[in-house]
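Student: So here's model24.pdb (PDB, C-alpha atoms).
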```pdb
ATOM      1  CA  MET B1034       0.000   0.000   0.000
ATOM      2  CA  ALA B1035       1.219   3.538  -0.693
ATOM      3  CA  GLU B1036       2.483   5.668   2.144
ATOM      4  CA  PRO B1037       1.767   9.376   2.680
ATOM      5  CA  THR B1038       4.299  11.843   1.311
ATOM      6  CA  PRO B1039       7.230  11.791   3.758
ATOM      7  CA  ARG B1040       8.397  14.905   5.492
ATOM      8  CA  ARG B1041      11.913  16.236   5.671
ATOM      9  CA  ASN B1042      14.621  13.677   6.448
ATOM     10  CA  GLU B1043      12.269  10.735   5.912
ATOM     11  CA  PRO B1044      12.903   8.299   3.070
ATOM     12  CA  ARG B1045      10.363   8.493   0.248
ATOM     13  CA  LEU B1046       8.438   5.244  -0.158
ATOM     14  CA  ARG B1047       7.179   4.149  -3.544
ATOM     15  CA  PRO B1048       3.414   4.009  -4.071
ATOM     16  CA  ALA B1049       1.695   0.805  -5.060
ATOM     17  CA  PRO B1050       2.299  -0.024  -8.702
ATOM     18  CA  LEU B1051      -0.178   1.461 -11.139
ATOM     19  CA  LEU B1052      -0.277  -1.124 -13.859
ATOM     20  CA  PHE B1053      -0.845   0.233 -17.330
ATOM     21  CA  GLU B1054      -3.992  -1.015 -18.907
ATOM     22  CA  PRO B1055      -4.126  -2.636 -22.332
ATOM     23  CA  ALA B1056      -5.544  -0.455 -25.086
ATOM     24  CA  GLU B1057      -8.720  -2.523 -25.370
ATOM     25  CA  ALA B1058      -9.407  -2.064 -21.638
ATOM     26  CA  VAL B1059      -8.885   1.685 -21.830
ATOM     27  CA  SER B1060     -11.495   1.939 -24.590
ATOM     28  CA  ASP B1061     -14.105   0.389 -22.244
ATOM     29  CA  PRO B1062     -15.403   3.248 -20.018
ATOM     30  CA  GLU B1063     -16.475   0.759 -17.328
ATOM     31  CA  HIS B1064     -12.984  -0.741 -17.034
ATOM     32  CA  PHE B1065     -10.744   0.749 -14.372
ATOM     33  CA  PHE B1066      -7.636  -1.141 -13.287
ATOM     34  CA  ASP B1067      -9.681  -4.337 -13.324
ATOM     35  CA  LEU B1068     -11.631  -3.240 -10.222
ATOM     36  CA  GLU B1069     -14.937  -4.144 -11.858
ATOM     37  CA  SER B1070     -13.873  -7.798 -11.964
ATOM     38  CA  ILE B1071     -13.183  -8.057  -8.201
ATOM     39  CA  GLU B1072     -16.212  -9.652  -6.575
ATOM     40  CA  ASP B1073     -15.059  -9.888  -2.952
ATOM     41  CA  PRO B1074     -15.879  -6.523  -1.297
ATOM     42  CA  ARG B1075     -12.905  -6.857   1.067
ATOM     43  CA  ALA B1076     -10.505  -7.343  -1.831
ATOM     44  CA  LEU B1077     -12.217  -4.562  -3.782
ATOM     45  CA  LEU B1078     -11.893  -2.150  -0.869
ATOM     46  CA  ALA B1079      -8.239  -3.094  -0.360
ATOM     47  CA  ARG B1080      -7.301  -2.656  -4.037
ATOM     48  CA  ALA B1081      -9.362   0.537  -4.475
ATOM     49  CA  THR B1082      -7.746   1.990  -1.342
ATOM     50  CA  GLU B1083      -4.312   0.998  -2.607
ATOM     51  CA  LEU B1084      -5.000   2.722  -5.940
ATOM     52  CA  THR B1085      -6.359   5.837  -4.199
ATOM     53  CA  GLN B1086      -3.227   6.145  -2.100
ATOM     54  CA  ALA B1087      -1.006   5.513  -5.098
ATOM     55  CA  PHE B1088      -2.767   8.220  -7.113
ATOM     56  CA  ARG B1089      -2.476  10.664  -4.205
ATOM     57  CA  ALA B1090       1.238   9.924  -3.811
ATOM     58  CA  ALA B1091       1.760  10.297  -7.561
ATOM     59  CA  ALA B1092      -0.184  13.565  -7.623
ATOM     60  CA  ASP B1093       1.812  14.947  -4.670
ATOM     61  CA  ARG B1094       5.074  14.036  -6.369
ATOM     62  CA  ALA B1095       3.957  15.537  -9.671
ATOM     63  CA  VAL B1096       3.057  18.795  -7.895
ATOM     64  CA  GLU B1097       6.541  18.877  -6.375
ATOM     65  CA  PHE B1098       8.063  18.510  -9.842
ATOM     66  CA  GLN B1099       5.771  21.249 -11.163
ATOM     67  CA  ALA B1100       6.935  23.535  -8.359
ATOM     68  CA  ILE B1101      10.606  22.810  -9.025
ATOM     69  CA  ALA B1102      10.130  23.460 -12.737
ATOM     70  CA  ALA B1103       8.293  26.711 -12.000
ATOM     71  CA  ALA B1104      11.099  27.841  -9.682
ATOM     72  CA  GLN B1105      13.713  26.989 -12.301
ATOM     73  CA  LEU B1106      11.806  28.845 -15.020
ATOM     74  CA  ALA B1107      11.462  31.917 -12.775
ATOM     75  CA  ASP B1108      15.141  31.918 -11.748
ATOM     76  CA  PRO B1109      16.444  35.479 -12.242
ATOM     77  CA  ARG B1110      19.820  34.075 -13.334
ATOM     78  CA  ARG B1111      18.245  32.583 -16.466
ATOM     79  CA  PHE B1112      18.449  34.730 -19.577
ATOM     80  CA  ASP B1113      15.133  33.207 -20.677
ATOM     81  CA  ARG B1114      13.435  33.652 -17.308
ATOM     82  CA  LEU B1115       9.646  33.518 -17.275
ATOM     83  CA  THR B1116       7.396  35.769 -15.247
ATOM     84  CA  PRO B1117       4.804  34.269 -12.905
ATOM     85  CA  ALA B1118       2.154  35.315 -15.451
ATOM     86  CA  ASP B1119       3.975  33.388 -18.200
ATOM     87  CA  ILE B1120       4.312  30.327 -15.972
ATOM     88  CA  ALA B1121       0.646  30.569 -14.985
ATOM     89  CA  ASP B1122      -0.344  30.710 -18.641
ATOM     90  CA  ARG B1123       1.711  27.630 -19.534
ATOM     91  CA  ALA B1124       0.481  25.582 -16.573
ATOM     92  CA  GLU B1125      -3.107  26.859 -16.696
ATOM     93  CA  TRP B1126      -2.833  28.329 -13.180
ATOM     94  CA  THR B1127      -3.704  31.729 -11.759
ATOM     95  CA  GLU B1128      -0.797  34.116 -11.407
ATOM     96  CA  ASP B1129      -1.080  34.031  -7.599
ATOM     97  CA  TYR B1130      -0.874  30.238  -7.626
ATOM     98  CA  ALA B1131       2.147  30.401  -9.945
ATOM     99  CA  LYS B1132       3.900  32.703  -7.464
ATOM    100  CA  LYS B1133       3.185  30.250  -4.635
ATOM    101  CA  MET B1134       4.428  27.353  -6.742
ATOM    102  CA  VAL B1135       7.657  29.224  -7.542
ATOM    103  CA  GLU B1136       8.245  29.789  -3.820
ATOM    104  CA  PHE B1137       7.373  26.199  -3.002
ATOM    105  CA  GLY B1138       9.779  25.009  -5.688
ATOM    106  CA  ARG B1139      12.541  27.212  -4.294
ATOM    107  CA  ASP B1140      11.894  25.746  -0.833
ATOM    108  CA  LEU B1141      12.077  22.225  -2.245
ATOM    109  CA  MET B1142      15.332  22.944  -4.074
ATOM    110  CA  ARG B1143      16.840  24.340  -0.858
ATOM    111  CA  GLY B1144      15.611  21.280   1.022
ATOM    112  CA  ASP B1145      13.427  23.506   3.178
ATOM    113  CA  THR B1146      10.049  21.811   3.446
ATOM    114  CA  GLU B1147       9.374  22.734   7.073
ATOM    115  CA  GLY B1148       5.835  23.934   7.547
ATOM    116  CA  HIS B1149       4.501  22.319   4.345
ATOM    117  CA  THR B1150       1.939  19.690   5.233
ATOM    118  CA  SER B1151       1.466  18.437   1.688
ATOM    119  CA  ALA B1152       2.904  18.890  -1.755
ATOM    120  CA  ASP B1153       0.247  21.503  -2.535
ATOM    121  CA  PRO B1154       1.677  24.940  -1.719
ATOM    122  CA  VAL B1155      -1.695  26.471  -0.953
TER
END
```
Write out the structure in this file as structure tokens.

Tutor:
Amino acid sequence: MAEPTPRRNEPRLRPAPLLFEPAEAVSDPEHFFDLESIEDPRALLARATELTQAFRAAADRAVEFQAIAAAQLADPRRFDRLTPADIADRAEWTEDYAKKMVEFGRDLMRGDTEGHTSADPV
């Protein structure tokens, strides 16, 4: 089962594997990671919970990478630096959110994650 996003100085655990679905399964709107074929409610709950935690862990990690990329793009030392408005436009965020993501990314790059309770900077 996936673990919550670790805090500073804790090792990052890998989420449960998200197996890629075959193309024919993806085309079926009722098919979702083979959950519809699990008949035992205990097993269904366990696997659905495992997937939920894995998706949350993956989303948290992806947000951290977004923040790092935003901070790198906004770095004043870059000749091709982007403004928060430019970053917001590319990522489909508001400008205020882009500013928060840039700061969060800078904190992550410094290794300063104190006070952040999740990967979401808001």

Student: Show which residues sit within 12 Å of B:Asp1108, as a list of chain:residue names. Count only C-alpha atoms, and ignore same-chain residues fewer than 4 positions away.

Tutor: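 Everything that qualifies: B:Ile1101, B:Ala1102, B:Ala1103, B:Ala1104, B:Phe1112, B:Asp1113, B:Arg1114, B:Leu1115, B:Thr1116, B:Pro1117, B:Ile1120, B:Val1135, B:Glu1136, B:Gly1138, B:Arg1139, B:Met1142.
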
Student: Skip B:Glu1128 itself and residues of its chain fewer than 4 positions away, then list as number ranges by chain all residues within 10 Å of it, counting all atoms listed in the file.

Tutor: B: 1116-1122, 1132-1134

Student: Hey, what's within 8 Å of B:Leu1068 if we count all atoms listed in the file and toss same-chain stuff fewer than 3 positions away? As number ranges by chain, please?

Tutor: B: 1064-1065, 1071, 1077, 1080-1081

Student: When distances are computed from all atoms listed in the file, which of B:Gln1105, B:Ser1070, B:Gln1086, B:Gln1099 shows the smallest separation from B:Ala1124?

Tutor: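 Looking at the shortest contact to B:Ala1124, the residue is B:Gln1099.
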
Student: Enter the distance from atom CA of B:Arg1143 to atom CA of B:Ala1091, in Å, rounded to one decimal.

Tutor: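 According to the coordinates, atom CA of B:Arg1143 and atom CA of B:Ala1091 are separated by 21.7 Å.
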